[in-house]
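One structure is given here, and the rest of the page talks about it.
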Amino acid sequence: MLERFSDKVKKGLRGWTERMAGEAQSGELQGLARTENEYGVDPFGFNLDYSLAAIAPFLWLYRHYFRVEAYGADRIPSGRVLLVSNHSGQLPMDGAMIGIALMVEGSPPRAIRSMVEKWVPSLPYVSTFMARVGQIVGTPENCRRLLDAEEAILVFPEGTRGLNKLWPQRYQLQEFGLGFMRLALETNTPIVPIAVVGAEEQAPALMNLKPLAKLLGMPSFPITPTGAAFPLPTKYRIYFGDALHFTGRADDEDSELDKKVRTVKASIQAMLQQGLKERRGVFW
């Protein structure tokens, strides 16, 4: 009984995805190649059928709530690639919108893999959902294996520093980690910088209750104007830059890697400033 109900819900969501994506695009989405075992999942738990049903609400948010405009989605090279973006908004809606953009506006569409924080698998239900839609814990080994499989990986080098920054810090990139650059050099992977404009205002944090966050085992506990992290319907603009290629050794000194990381960071910051200059307002 429960299984039949679950299948009915999944079928309904899948139909919703196909209607919103359009006939031509839904056909291309069906062609996304994945190596699956007898249980219908890849080695990390990704399931294409589940994912195409699960993205329906996010596709609705993409089309009608955040009204996303994506620029340069056709710049993503085929094969392995690291997508490096700014991060903000308390909830990782920016990552979801980047993923939807490449699935419905990429040519051809791509299903990206996002690196999530190590505490995410401890969340009941959420951890299973994340795995089924292709998101994995951001360890170097996981990332290396996916790049070897020619996947597109989304990385937020700011981590929770970017996600939870306060209102006065909006659109100011926080410190970038060096790990993504080591992996890019080790695996000869191009890097595509991405700038997301709009997510900074979706849930502006006025303050962070660090003692309460520590008590609850959370990275932060932001206080927003609405009293929660529920995102406001801000207008999203996502900019995909040209692929950057770096040479050097993965085991170079941190100072050498940092020079390359600063190049990526400067590219993202420049796109953010240009996007802010061009937009008419936060909600339109």
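The chains in the structure tokens are called A, B, ... from first to last as shown; in each chain the residues are counted from 1, and the ligands are counted from 1 in the order shown.
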Contacts of Leu154 (chain A) at 9 Å or less, counting only C-alpha atoms, minus same-chain residues fewer than 3 places along, as a list of chain:residue names?
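Result of the neighbour search: A:Val81, A:Leu82, A:Leu83, A:Val84, A:Ser85, A:Gly95, A:Ile98, A:Gly99, A:Ile112, A:Arg113, A:Ser114, A:Met115.
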Excluding Met20 (chain A) and any residue of its chain fewer than 6 positions from it, enumerate the residues within 12 Å of it, using only C-alpha atoms, and give them as a ChimeraX atom specification.
/A:13-14,26,52-53,55-64,100,104
Go ahead and save the picked residues with N, CA, C and O atoms, as a CSV table (one decimal), in the first residue's frame.
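Contents of the output file part.csv:
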chain,number,residue,atom,x,y,z
A,13,LEU,N,5.5,13.6,-9.5
A,13,LEU,CA,6.6,14.6,-9.4
A,13,LEU,C,7.4,14.6,-10.7
A,13,LEU,O,7.8,15.6,-11.3
A,14,ARG,N,7.6,13.3,-11.2
A,14,ARG,CA,8.4,13.2,-12.5
A,14,ARG,C,7.6,13.9,-13.6
A,14,ARG,O,8.2,14.6,-14.4
A,26,SER,N,13.1,17.6,-21.4
A,26,SER,CA,12.9,16.4,-20.6
A,26,SER,C,13.5,15.2,-21.3
A,26,SER,O,14.0,14.3,-20.7
A,52,LEU,N,15.1,13.0,-11.0
A,52,LEU,CA,14.2,13.7,-11.9
A,52,LEU,C,12.9,13.9,-11.3
A,52,LEU,O,12.2,14.9,-11.7
A,53,ALA,N,12.5,13.1,-10.3
A,53,ALA,CA,11.2,13.3,-9.6
A,53,ALA,C,11.5,14.4,-8.5
A,53,ALA,O,10.7,15.3,-8.3
A,55,ILE,N,13.6,16.8,-8.2
A,55,ILE,CA,13.9,18.2,-8.6
A,55,ILE,C,12.7,19.0,-8.9
A,55,ILE,O,12.8,20.2,-9.1
A,56,ALA,N,11.5,18.4,-9.0
A,56,ALA,CA,10.3,19.1,-9.4
A,56,ALA,C,10.1,20.4,-8.6
A,56,ALA,O,9.9,21.5,-9.1
A,57,PRO,N,10.1,20.3,-7.2
A,57,PRO,CA,9.8,21.5,-6.5
A,57,PRO,C,10.9,22.6,-6.7
A,57,PRO,O,10.7,23.8,-6.7
A,58,PHE,N,12.2,22.1,-6.8
A,58,PHE,CA,13.3,23.0,-7.0
A,58,PHE,C,13.2,23.7,-8.4
A,58,PHE,O,13.6,24.8,-8.6
A,59,LEU,N,12.7,22.9,-9.4
A,59,LEU,CA,12.5,23.5,-10.7
A,59,LEU,C,11.4,24.6,-10.7
A,59,LEU,O,11.5,25.6,-11.4
A,60,TRP,N,10.4,24.3,-9.9
A,60,TRP,CA,9.3,25.3,-9.7
A,60,TRP,C,9.9,26.6,-9.1
A,60,TRP,O,9.6,27.7,-9.5
A,61,LEU,N,10.8,26.4,-8.0
A,61,LEU,CA,11.4,27.5,-7.4
A,61,LEU,C,12.3,28.3,-8.4
A,61,LEU,O,12.3,29.5,-8.4
A,62,TYR,N,13.0,27.6,-9.2
A,62,TYR,CA,13.9,28.1,-10.2
A,62,TYR,C,13.1,29.0,-11.2
A,62,TYR,O,13.5,30.1,-11.5
A,63,ARG,N,11.9,28.5,-11.7
A,63,ARG,CA,11.1,29.2,-12.7
A,63,ARG,C,10.3,30.3,-12.1
A,63,ARG,O,10.2,31.4,-12.7
A,64,HIS,N,9.7,30.1,-11.0
A,64,HIS,CA,8.6,31.0,-10.5
A,64,HIS,C,8.9,31.7,-9.2
A,64,HIS,O,8.2,32.7,-9.0
A,100,ILE,N,20.1,23.1,-11.1
A,100,ILE,CA,18.9,23.1,-12.0
A,100,ILE,C,19.3,23.8,-13.3
A,100,ILE,O,18.9,23.4,-14.4
A,104,VAL,N,18.6,22.1,-16.9
A,104,VAL,CA,17.6,22.5,-17.9
A,104,VAL,C,18.1,23.6,-18.9
A,104,VAL,O,17.3,23.9,-19.8
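Take the candidates A:Trp167, A:Phe246, A:Phe240, A:Phe46 and check each one against Ile76 (chain A) using only C-alpha atoms; the shortest distance goes to A:Phe240.
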List the neighbours of Val137 (chain A) out to 7 Å using only C-alpha atoms; skip same-chain residues closer than 6 positions along the sequence, and give me the result as a ChimeraX atom specification.
/A:115-118
Might you pull out every residue within 10 Å of Cys143 (chain A), with only C-alpha atoms counted and same-chain residues fewer than 2 positions away left off, and present them as a PyMOL selection string?
chain A and resi 82+113-115+136-141+145-149+151-155+180+183
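Closest approach to Gln169 (chain A) among A:Ala195, A:Leu216, A:Leu206, A:Leu185 is made by A:Leu206 (distances from only C-alpha atoms).
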I'd like to know which of A:Asp242, A:Asp94, A:Asp258, A:Glu253 is closest to Ala199 (chain A), using only C-alpha atoms.
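So, comparing all the options, the nearest one is A:Asp94.
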For Pro222 (chain A), which residue among A:Thr160, A:Gly15, A:Leu276, A:Arg249 is the nearest when counting only C-alpha atoms?
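Comparing A:Thr160, A:Gly15, A:Leu276, A:Arg249 against Pro222 (chain A), the winner is A:Thr160.
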If you measure from CA of Val282 (chain A) to CA of Thr17 (chain A), what distance in Å do you get, rounded to one decimal?
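For CA of Val282 (chain A) relative to CA of Thr17 (chain A), the distance reads 27.2 Å.
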Going by DSSP on the backbone, which bits of region 80-213 of chain A are helix (DSSP H, G or I)? Write them as a count of residues only, please.
54
Strand (DSSP E or B) call set, DSSP backbone run, region 6-255 of chain A, as number ranges by chain
A: 69-71, 81-85, 113-116, 136-137, 152-155, 166, 191-197, 205, 207-208, 222-223, 237-240, 244
For Phe176 (chain A): contacts at 12 Å, only C-alpha atoms, fewer than 3 positions along chain excluded, given as a ChimeraX atom specification:
/A:84-87,155-162,172-173,179-181,257-266,268
Include N, CA, C and O atoms and write out the residues we just selected as an mmCIF file, in the first residue's frame.
data_model
loop_
_atom_site.group_PDB
_atom_site.id
_atom_site.type_symbol
_atom_site.label_atom_id
_atom_site.label_comp_id
_atom_site.auth_asym_id
_atom_site.auth_seq_id
_atom_site.Cartn_x
_atom_site.Cartn_y
_atom_site.Cartn_z
ATOM 1 N N VAL A 84 33.296 26.333 -9.313
ATOM 2 C CA VAL A 84 33.641 27.003 -8.058
ATOM 3 C C VAL A 84 32.813 28.266 -7.927
ATOM 4 O O VAL A 84 32.880 29.157 -8.774
ATOM 5 N N SER A 85 32.022 28.349 -6.856
ATOM 6 C CA SER A 85 31.059 29.438 -6.708
ATOM 7 C C SER A 85 31.153 30.106 -5.343
ATOM 8 O O SER A 85 31.640 29.514 -4.365
ATOM 9 N N ASN A 86 30.651 31.356 -5.291
ATOM 10 C CA ASN A 86 30.425 31.997 -3.998
ATOM 11 C C ASN A 86 29.260 31.307 -3.310
ATOM 12 O O ASN A 86 28.482 30.583 -3.940
ATOM 13 N N HIS A 87 29.120 31.521 -2.002
ATOM 14 C CA HIS A 87 28.127 30.789 -1.220
ATOM 15 C C HIS A 87 27.464 31.746 -0.235
ATOM 16 O O HIS A 87 28.145 32.562 0.401
ATOM 17 N N VAL A 155 31.797 23.126 -6.064
ATOM 18 C CA VAL A 155 32.531 23.355 -4.826
ATOM 19 C C VAL A 155 32.289 24.786 -4.343
ATOM 20 O O VAL A 155 32.277 25.724 -5.146
ATOM 21 N N PHE A 156 32.093 24.934 -3.030
ATOM 22 C CA PHE A 156 31.982 26.246 -2.406
ATOM 23 C C PHE A 156 33.178 26.421 -1.471
ATOM 24 O O PHE A 156 33.120 26.007 -0.306
ATOM 25 N N PRO A 157 34.265 27.027 -1.941
ATOM 26 C CA PRO A 157 35.475 27.111 -1.106
ATOM 27 C C PRO A 157 35.313 27.926 0.167
ATOM 28 O O PRO A 157 36.113 27.796 1.092
ATOM 29 N N GLU A 158 34.273 28.782 0.214
ATOM 30 C CA GLU A 158 34.026 29.533 1.448
ATOM 31 C C GLU A 158 33.421 28.646 2.529
ATOM 32 O O GLU A 158 33.512 28.973 3.720
ATOM 33 N N GLY A 159 32.771 27.552 2.117
ATOM 34 C CA GLY A 159 32.123 26.663 3.082
ATOM 35 C C GLY A 159 31.058 27.399 3.876
ATOM 36 O O GLY A 159 30.380 28.309 3.378
ATOM 37 N N THR A 160 30.909 27.029 5.146
ATOM 38 C CA THR A 160 29.900 27.673 5.988
ATOM 39 C C THR A 160 30.253 29.123 6.295
ATOM 40 O O THR A 160 29.386 29.892 6.705
ATOM 41 N N ARG A 161 31.515 29.505 6.083
ATOM 42 C CA ARG A 161 31.887 30.910 6.272
ATOM 43 C C ARG A 161 31.096 31.808 5.326
ATOM 44 O O ARG A 161 30.734 32.936 5.673
ATOM 45 N N GLY A 162 30.871 31.313 4.121
ATOM 46 C CA GLY A 162 30.098 32.086 3.160
ATOM 47 C C GLY A 162 28.604 31.959 3.391
ATOM 48 O O GLY A 162 27.865 32.935 3.339
ATOM 49 N N GLN A 172 30.873 39.960 -0.126
ATOM 50 C CA GLN A 172 32.298 40.011 0.182
ATOM 51 C C GLN A 172 32.775 38.573 0.355
ATOM 52 O O GLN A 172 32.423 37.906 1.335
ATOM 53 N N LEU A 173 33.541 38.081 -0.591
ATOM 54 C CA LEU A 173 33.977 36.696 -0.533
ATOM 55 C C LEU A 173 34.835 36.448 0.702
ATOM 56 O O LEU A 173 35.755 37.208 1.001
ATOM 57 N N GLY A 179 41.968 23.304 -1.057
ATOM 58 C CA GLY A 179 41.784 21.915 -1.467
ATOM 59 C C GLY A 179 41.351 21.739 -2.904
ATOM 60 O O GLY A 179 41.825 20.833 -3.598
ATOM 61 N N PHE A 180 40.452 22.589 -3.373
ATOM 62 C CA PHE A 180 39.954 22.419 -4.748
ATOM 63 C C PHE A 180 41.068 22.647 -5.764
ATOM 64 O O PHE A 180 41.097 22.005 -6.816
ATOM 65 N N MET A 181 42.002 23.540 -5.456
ATOM 66 C CA MET A 181 43.092 23.798 -6.386
ATOM 67 C C MET A 181 44.069 22.615 -6.421
ATOM 68 O O MET A 181 44.575 22.250 -7.499
ATOM 69 N N LEU A 257 49.974 27.764 -4.217
ATOM 70 C CA LEU A 257 48.580 27.430 -4.504
ATOM 71 C C LEU A 257 47.667 28.631 -4.273
ATOM 72 O O LEU A 257 46.708 28.848 -5.014
ATOM 73 N N ASP A 258 47.991 29.399 -3.242
ATOM 74 C CA ASP A 258 47.154 30.545 -2.908
ATOM 75 C C ASP A 258 47.134 31.569 -4.037
ATOM 76 O O ASP A 258 46.107 32.228 -4.272
ATOM 77 N N LYS A 259 48.234 31.717 -4.771
ATOM 78 C CA LYS A 259 48.260 32.642 -5.911
ATOM 79 C C LYS A 259 47.233 32.223 -6.959
ATOM 80 O O LYS A 259 46.524 33.060 -7.533
ATOM 81 N N LYS A 260 47.143 30.933 -7.223
ATOM 82 C CA LYS A 260 46.184 30.421 -8.209
ATOM 83 C C LYS A 260 44.753 30.561 -7.688
ATOM 84 O O LYS A 260 43.837 30.926 -8.437
ATOM 85 N N VAL A 261 44.568 30.278 -6.396
ATOM 86 C CA VAL A 261 43.238 30.400 -5.794
ATOM 87 C C VAL A 261 42.762 31.851 -5.859
ATOM 88 O O VAL A 261 41.583 32.122 -6.130
ATOM 89 N N ARG A 262 43.680 32.790 -5.649
ATOM 90 C CA ARG A 262 43.307 34.206 -5.708
ATOM 91 C C ARG A 262 42.848 34.603 -7.112
ATOM 92 O O ARG A 262 42.005 35.491 -7.268
ATOM 93 N N THR A 263 43.386 33.948 -8.129
ATOM 94 C CA THR A 263 42.941 34.216 -9.504
ATOM 95 C C THR A 263 41.476 33.819 -9.675
ATOM 96 O O THR A 263 40.676 34.548 -10.271
ATOM 97 N N VAL A 264 41.110 32.646 -9.147
ATOM 98 C CA VAL A 264 39.718 32.182 -9.213
ATOM 99 C C VAL A 264 38.812 33.111 -8.412
ATOM 100 O O VAL A 264 37.738 33.525 -8.875
ATOM 101 N N LYS A 265 39.273 33.447 -7.221
ATOM 102 C CA LYS A 265 38.484 34.319 -6.337
ATOM 103 C C LYS A 265 38.260 35.684 -6.981
ATOM 104 O O LYS A 265 37.145 36.235 -6.930
ATOM 105 N N ALA A 266 39.302 36.249 -7.607
ATOM 106 C CA ALA A 266 39.178 37.554 -8.254
ATOM 107 C C ALA A 266 38.193 37.496 -9.417
ATOM 108 O O ALA A 266 37.431 38.446 -9.657
ATOM 109 N N ILE A 268 35.557 35.491 -9.662
ATOM 110 C CA ILE A 268 34.206 35.438 -9.092
ATOM 111 C C ILE A 268 33.795 36.803 -8.562
ATOM 112 O O ILE A 268 32.670 37.264 -8.784
#
Do a neighbour search on Arg279 (chain A) at 9 Å with only C-alpha atoms, toss out local chain neighbours closer than 4 positions, and write the hits as a CSV table (one decimal) with N, CA and C atoms, in the first residue's frame.
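That gives us result29.csv:
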chain,number,residue,atom,x,y,z
A,197,VAL,N,24.2,36.0,-7.9
A,197,VAL,CA,23.7,37.3,-7.3
A,197,VAL,C,22.2,37.1,-7.0
A,237,ARG,N,20.4,35.7,-10.3
A,237,ARG,CA,21.2,35.8,-11.5
A,237,ARG,C,22.5,35.0,-11.3
A,274,GLN,N,30.0,43.0,-11.3
A,274,GLN,CA,29.4,43.4,-12.6
A,274,GLN,C,27.9,43.0,-12.5
A,275,GLY,N,27.5,41.9,-11.9
A,275,GLY,CA,26.1,41.5,-11.8
A,275,GLY,C,25.4,42.5,-10.9
A,284,TRP,N,13.6,42.0,-8.5
A,284,TRP,CA,13.2,42.0,-9.9
A,284,TRP,C,14.4,42.3,-10.8
CA of Ile191 (chain A) and CA of Leu48 (chain A) are how many Å apart?
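Taking CA of Ile191 (chain A) and CA of Leu48 (chain A), their separation equals 25.0 Å.
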